[in-house]
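Below is one structure, written out as structure tokens, with a few remarks after it.
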There are 2 protein chains.
Amino acid sequence: MSDSLPPELVDLRRSIDNIDAAVVHLLAERFKCTQQVGRLKAAQGMPPADPEREEAQVARLRELADAAGLDPVFAEKFLNFVIAEVINHHRQIAETR
Amino acid sequence: MSDSLPPELVDLRRSIDNIDAAVVHLLAERFKCTQQVGRLKAAQGMPPADPEREEAQVARLRELADAAGLDPVFAEKFLNFVIAEVINHHRQIAETR
């Protein structure tokens with residue numbers, strides 16, 4: 001199938017696949033951290049969500065994205081997407097205690 | 001504010017922030033690749049979306065996620081989230097030619 005694709009496209013797709021593998025491994029590590037956070041919060045009776053922390057995370061990531069040439073709006077959407085999953089995990093941890 | 005937080009939580013948040021910075025930089029690099037893909041596809045009159053490629057990407061990322069201890073369902077949602085943004089970019093590139 002890829003025989004008929006422009007070689008430049010095949011090459012770019014290989015780079016995209018490498019980047020995706022790196023991101024998946026980083027996200028796996030991130031969820032290990034947030035699962036520890038979830039257990040800690042549940043043990044201390046802290047709420048799963050923390051709007052002040054999330055606001056600081058968004059502001060920081062938007063700045064980092066801007067400096068790296070990534071659309072800050074996308075960076076914010078991405079963080080919200082990940083945080084929504086994390087809050088789900090925290091709720092599950094709190095509920096199963 | 002963070003004075004009142006458990007030190008373990010502060011430490012975990014620092015790790016999460018480091019991971020997020022790495023992910024943002026990788027995503028910046030990924031969009032550089034997909035923008036080149038977009039220009040190439042537009043130049044060759046190829047459609048912005050490629051369901052066969054996306055299917056292969058999903059299958060591969062689910063496997064990688066599983067091996068890394070990340071929920072494969074989340075990995076698939078993540079990839080779909082990123083691809084949706086990429087297809088938007090490709091459409092914009094094709095339309096502004």
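Residues in the structure tokens are numbered from 1 in each chain, the chains being A, B, ... in the order shown, and ligands are numbered from 1 in the order shown.
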
Within 9 Å of chain A, which residues of chain B are there when counting only C-alpha atoms? Please give them as a VMD selection string.
chain B and resid 6 8 to 9 12 to 13 15 to 17 19 to 34 36 to 37 40 to 41 57 60 to 61 64 to 65 68 to 71 74 to 75 78 to 79 81 to 82 85

What does the distance between CA of Val86 in chain B and CA of Ala59 in chain A come to in Å, to one decimal place?
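According to the coordinates, CA of Val86 in chain B and CA of Ala59 in chain A are separated by 23.1 Å.
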
Pairwise distance for CA of Val58 in chain B and CA of Val73 in chain B, rounded to one decimal in Å:
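Here the two named atoms are 9.8 Å from each other.
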
Restricting the calculation to only C-alpha atoms: of A:Glu76, A:Pro7, A:Glu95, A:Glu63, which residue gets closest to Pro48 in chain A?
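For Pro48 in chain A, the nearest of the candidates is A:Glu95.
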
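The interatomic distance for the pair CA of Arg39 in chain B and CA of Gln92 in chain B works out to 10.1 Å.
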